[in-house]
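Chemist: Quick one: the structure is below, and I'll ask about it shortly.
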Amino acid sequence: MLPDLFADDRTKLALDPGAWLLGGFALGEASALLAEIARTAQAAPFRHLETRSGGTMSVAMTNCGAAGWVSDRRGYRYTEDDPLSGRRWPAMPPCFRDLARRAAETAGFRNFEPDACLINRYAPGSRLSLHQDRDEARHDAPIVSVSLGVPARFLWGGRERSDRPRRHDLFHGDVVVWGGPARLTFHGIDTLRAAHHAETGDLRFNLTFRRARLPDLA
Ligand code: MD3
Ligand code: FE
């Protein structure tokens with residue numbers, strides 16, 4: 001058999017069936033994305049959400065789009081309003097939606113219509129423990145994630161929490177698309193190491209685009 005010359009090509013790497021790493025896919029737009037993150041955070045500041053168990057997340061979060069993901073003592077859910085302000089979440093910038101749609105299309109998912117963009121901010125020491133994303137109304141749409149700033153070690157397991165996680169480094173401008181059989185994969189982010197990035201200092205940002213609600217409610 002011929003060797004697969006593209007097996008390690010980061011421009012489009014199959015991590016698993018339904019899971020695609022698009023290495024550097026957002027590099028050319030990264031500065032524009034960071035500017036829109038800063039603008040969003042002026043209206044809806046980053047905050048450390050409470051968990052149901054009374055802990056506080058080490059990752060700071062905010063949202064843009066028609067729906068935003070929140071956690072508090074009542075649990076996890078999507079809301080139309082930012083609980084901090086009582087106002088709608090800031091609109092999703094067109095360049096966010098365009099990027100998410102192009103990435104989904106590149107991975108074979110046509111017509112992705114994200115209505116929620118969760119923005120995560122990691123400082124040195126922040127981590128996100130192994131979890132599934134299953135608070136969305138439908139699991140047929142993919143999830144698109146965009147990494148910006150300091151690199152992180154991404155952990156991804158299988159369909160069971162007990163599946164031994166694999167590790168993968170995510171760099172500035174990397175995009176990952178998860179759909180189909182990969183949609184409910186357990187995943188997380190290892191403790192962020194102290195490092196410097198020219199555009200973000202010691203921070204890492206992650207955009208996660210989702211279809212949170214049913215289309216007729218959008
Ligand atoms: C695999 N965020 O916000 S993005 C999250 O880098 C989240 O901030 C991480 O997990 C971050 O929920 C990881 C990569 C990712 C996102 C969603 C997934 C991987 C996924 C959904 C299903 C399977
Ligand atoms: Fe997640």
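Identifiers in this document derive from the order of the structure tokens: chains are assigned A, B, ..., residues are numbered from 1 separately in each chain, and ligands are numbered from 1 in order of occurrence.
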Just the residues within 7 Å of His131 of chain A, please, counting only C-alpha atoms, with nothing from its chain fewer than 4 positions along; format it as a PyMOL selection string.
Modeler: chain A and resi 186-188
Chemist: Could you turn the residues from that selection into a file that holds N, CA, C and O atoms, as a compact mmCIF listing (two decimals), in the first residue's frame?
Modeler:
# COMPACT_ATOMS: atom_id res chain seq x y z
N PHE A 186 -16.21 12.97 24.98
CA PHE A 186 -15.73 13.64 26.20
C PHE A 186 -14.45 14.41 25.86
O PHE A 186 -13.58 13.90 25.15
N HIS A 187 -14.34 15.64 26.37
CA HIS A 187 -13.18 16.47 26.06
C HIS A 187 -12.92 17.47 27.17
O HIS A 187 -13.80 17.72 28.01
N GLY A 188 -11.74 18.07 27.17
CA GLY A 188 -11.39 19.07 28.17
C GLY A 188 -10.10 19.75 27.78
O GLY A 188 -9.51 19.47 26.72
Chemist: Within 6 Å of ligand 1 (counting only C-alpha atoms and all ligand atoms), which residues show up? I'd like them as a PyMOL selection string.
Modeler: chain A and resi 120+133+143+145+178+182-185+187-189+206+208
Chemist: If you count only C-alpha atoms, which residues fall within 12 Å of Ala41 of chain A, apart from same-chain ones fewer than 5 positions away, as an MDAnalysis selection string?
Modeler: chainID A and resid 34:36 46:47 60:64 82 89:91 118:121
Chemist: Given the selection you just returned, output its residues as a file containing N, CA and C atoms, formatted as a PDB file, in the first residue's frame.
Modeler:
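Output below, filename part_28.pdb:
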ATOM      1  N   LEU A  34      -9.910  38.689  17.672  1.00  0.00           N
ATOM      2  CA  LEU A  34      -9.539  39.186  19.003  1.00  0.00           C
ATOM      3  C   LEU A  34     -10.145  40.567  19.259  1.00  0.00           C
ATOM      4  N   ALA A  35     -10.201  41.403  18.218  1.00  0.00           N
ATOM      5  CA  ALA A  35     -10.806  42.731  18.368  1.00  0.00           C
ATOM      6  C   ALA A  35     -12.300  42.592  18.677  1.00  0.00           C
ATOM      7  N   GLU A  36     -12.962  41.633  18.027  1.00  0.00           N
ATOM      8  CA  GLU A  36     -14.398  41.432  18.291  1.00  0.00           C
ATOM      9  C   GLU A  36     -14.633  40.810  19.671  1.00  0.00           C
ATOM     10  N   PHE A  46     -16.256  39.219  30.771  1.00  0.00           N
ATOM     11  CA  PHE A  46     -15.863  37.880  31.196  1.00  0.00           C
ATOM     12  C   PHE A  46     -16.145  37.734  32.682  1.00  0.00           C
ATOM     13  N   ARG A  47     -16.637  36.558  33.049  1.00  0.00           N
ATOM     14  CA  ARG A  47     -16.910  36.257  34.454  1.00  0.00           C
ATOM     15  C   ARG A  47     -16.619  34.792  34.720  1.00  0.00           C
ATOM     16  N   ALA A  60     -12.688  31.910  32.551  1.00  0.00           N
ATOM     17  CA  ALA A  60     -13.643  33.027  32.514  1.00  0.00           C
ATOM     18  C   ALA A  60     -14.415  32.956  31.201  1.00  0.00           C
ATOM     19  N   MET A  61     -15.709  33.279  31.239  1.00  0.00           N
ATOM     20  CA  MET A  61     -16.562  33.095  30.061  1.00  0.00           C
ATOM     21  C   MET A  61     -17.457  34.289  29.791  1.00  0.00           C
ATOM     22  N   THR A  62     -17.785  34.456  28.504  1.00  0.00           N
ATOM     23  CA  THR A  62     -18.878  35.326  28.096  1.00  0.00           C
ATOM     24  C   THR A  62     -19.453  34.733  26.807  1.00  0.00           C
ATOM     25  N   ASN A  63     -20.461  35.367  26.230  1.00  0.00           N
ATOM     26  CA  ASN A  63     -21.120  34.830  25.042  1.00  0.00           C
ATOM     27  C   ASN A  63     -21.490  35.933  24.078  1.00  0.00           C
ATOM     28  N   CYS A  64     -21.648  35.569  22.815  1.00  0.00           N
ATOM     29  CA  CYS A  64     -22.374  36.409  21.872  1.00  0.00           C
ATOM     30  C   CYS A  64     -23.280  35.504  21.055  1.00  0.00           C
ATOM     31  N   ASP A  82     -28.056  38.028  29.227  1.00  0.00           N
ATOM     32  CA  ASP A  82     -26.911  37.939  30.116  1.00  0.00           C
ATOM     33  C   ASP A  82     -27.403  38.168  31.543  1.00  0.00           C
ATOM     34  N   TRP A  89     -27.593  38.975  25.054  1.00  0.00           N
ATOM     35  CA  TRP A  89     -26.173  38.818  24.774  1.00  0.00           C
ATOM     36  C   TRP A  89     -25.829  39.667  23.554  1.00  0.00           C
ATOM     37  N   PRO A  90     -24.596  40.181  23.447  1.00  0.00           N
ATOM     38  CA  PRO A  90     -24.207  40.927  22.244  1.00  0.00           C
ATOM     39  C   PRO A  90     -24.413  40.066  20.993  1.00  0.00           C
ATOM     40  N   ALA A  91     -24.739  40.715  19.888  1.00  0.00           N
ATOM     41  CA  ALA A  91     -24.957  39.984  18.634  1.00  0.00           C
ATOM     42  C   ALA A  91     -23.669  39.275  18.211  1.00  0.00           C
ATOM     43  N   LEU A 118     -19.901  30.668  22.664  1.00  0.00           N
ATOM     44  CA  LEU A 118     -19.311  30.770  24.004  1.00  0.00           C
ATOM     45  C   LEU A 118     -17.858  31.194  23.835  1.00  0.00           C
ATOM     46  N   ILE A 119     -17.443  32.214  24.592  1.00  0.00           N
ATOM     47  CA  ILE A 119     -16.065  32.697  24.527  1.00  0.00           C
ATOM     48  C   ILE A 119     -15.390  32.372  25.857  1.00  0.00           C
ATOM     49  N   ASN A 120     -14.391  31.507  25.791  1.00  0.00           N
ATOM     50  CA  ASN A 120     -13.659  31.098  26.992  1.00  0.00           C
ATOM     51  C   ASN A 120     -12.329  31.837  27.063  1.00  0.00           C
ATOM     52  N   ARG A 121     -11.951  32.266  28.260  1.00  0.00           N
ATOM     53  CA  ARG A 121     -10.658  32.931  28.465  1.00  0.00           C
ATOM     54  C   ARG A 121      -9.872  32.173  29.538  1.00  0.00           C
TER      55      ARG A 121
END
Chemist: If you count only C-alpha atoms, which residues fall within 8 Å of segment 100-106 of chain A, apart from same-chain ones fewer than 2 positions away, as a tab-separated table (two decimals) with N, CA and C atoms, in the first residue's frame?
Modeler:
chain	number	residue	atom	x	y	z
A	22	LEU	N	-8.52	21.66	11.67
A	22	LEU	CA	-8.14	22.52	10.55
A	22	LEU	C	-7.04	23.44	11.07
A	25	PHE	N	-6.49	27.40	10.33
A	25	PHE	CA	-7.60	27.83	9.46
A	25	PHE	C	-7.98	29.29	9.70
A	96	PHE	N	-17.55	36.21	12.82
A	96	PHE	CA	-17.59	34.97	13.62
A	96	PHE	C	-18.42	33.91	12.88
A	97	ARG	N	-19.64	34.33	12.52
A	97	ARG	CA	-20.55	33.39	11.86
A	97	ARG	C	-19.96	32.88	10.55
A	98	ASP	N	-19.37	33.78	9.77
A	98	ASP	CA	-18.77	33.39	8.48
A	98	ASP	C	-17.68	32.36	8.69
A	108	GLY	N	-17.23	19.19	5.95
A	108	GLY	CA	-18.30	18.39	5.36
A	108	GLY	C	-19.68	18.63	5.96
A	109	PHE	N	-19.83	19.66	6.81
A	109	PHE	CA	-21.13	19.96	7.42
A	109	PHE	C	-21.70	21.21	6.76
A	110	ARG	N	-22.66	21.00	5.87
A	110	ARG	CA	-23.25	22.10	5.11
A	110	ARG	C	-24.21	22.91	5.96
A	111	ASN	N	-24.29	24.22	5.66
A	111	ASN	CA	-25.35	25.05	6.22
A	111	ASN	C	-25.41	25.12	7.73
A	112	PHE	N	-24.26	25.14	8.37
A	112	PHE	CA	-24.22	25.30	9.84
A	112	PHE	C	-24.74	26.70	10.18
A	113	GLU	N	-25.74	26.75	11.05
A	113	GLU	CA	-26.32	28.04	11.50
A	113	GLU	C	-26.11	28.18	12.99
A	114	PRO	N	-24.95	28.63	13.44
A	114	PRO	CA	-24.74	28.74	14.89
A	114	PRO	C	-25.59	29.87	15.46
A	142	PRO	N	-22.90	20.34	14.01
A	142	PRO	CA	-21.56	20.18	14.57
A	142	PRO	C	-21.25	21.28	15.59
A	144	VAL	N	-18.05	24.00	16.33
A	144	VAL	CA	-16.82	24.52	15.75
A	144	VAL	C	-16.07	25.27	16.85
A	175	VAL	N	-8.57	25.52	14.21
A	175	VAL	CA	-10.01	25.33	14.29
A	175	VAL	C	-10.28	23.83	14.35
A	177	VAL	N	-13.52	20.99	14.23
A	177	VAL	CA	-14.95	20.77	13.96
A	177	VAL	C	-15.32	19.38	14.46
A	209	PHE	N	-18.63	27.58	18.74
A	209	PHE	CA	-19.88	27.86	18.03
A	209	PHE	C	-20.79	26.66	18.10
Chemist: Kindly indicate which residue among A:Tyr76, A:Arg87, A:Gln132, A:Cys95 lies nearest to Gly28 of chain A, using only C-alpha atoms for the distances.
Modeler: A:Cys95
Chemist: For Ala194 of chain A, which of A:Tyr78, A:Tyr122, A:Trp20, A:Trp69 is the closest residue, counting only C-alpha atoms?
Modeler: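 Going through A:Tyr78, A:Tyr122, A:Trp20, A:Trp69 one by one, the smallest distance to Ala194 of chain A is for A:Tyr122.
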Chemist: Pick out the residues sitting within 9 Å of Asp81 of chain A, and hand them over as a PyMOL selection string; count only C-alpha atoms, and ignore anything fewer than 3 positions along from it in its own chain.
Modeler: chain A and resi 66-68+84-89
Chemist: Please determine, counting only C-alpha atoms and all ligand atoms, which residue among A:Gly23, A:Gly157, A:Pro151, A:Gly173 has the shortest atom-to-atom distance to ligand 2.
Modeler: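 For ligand 2, the nearest of the given residues is A:Gly157.
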Chemist: Between A:Asp174, A:Leu130, A:Gln42, A:Thr51, which one has atoms that come closest to Gly158 of chain A, using only C-alpha atoms?
Modeler: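 Comparing A:Asp174, A:Leu130, A:Gln42, A:Thr51 against Gly158 of chain A, the winner is A:Leu130.
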Chemist: Determine which residues of chain A receive a DSSP assignment of strand (DSSP E or B), computed from the backbone, and state them as number ranges by chain.
Modeler: A: 13-16, 19-22, 47, 50, 56, 60-65, 67-72, 75-79, 81, 88, 116-122, 128-131, 143-149, 152-156, 166-170, 175-178, 187-189, 197, 201, 204-210
Chemist: For atom CA of Arg153 of chain A and atom CA of Arg167 of chain A, quote the distance in Å rounded to one decimal.
Modeler: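 Rounded to one decimal, the two atoms are 6.4 Å apart.
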Chemist: Atom CA of Lys12 of chain A and atom CA of Phe154 of chain A are how many Å apart?
Modeler: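 We find that atom CA of Lys12 of chain A and atom CA of Phe154 of chain A lie 16.9 Å from each other.
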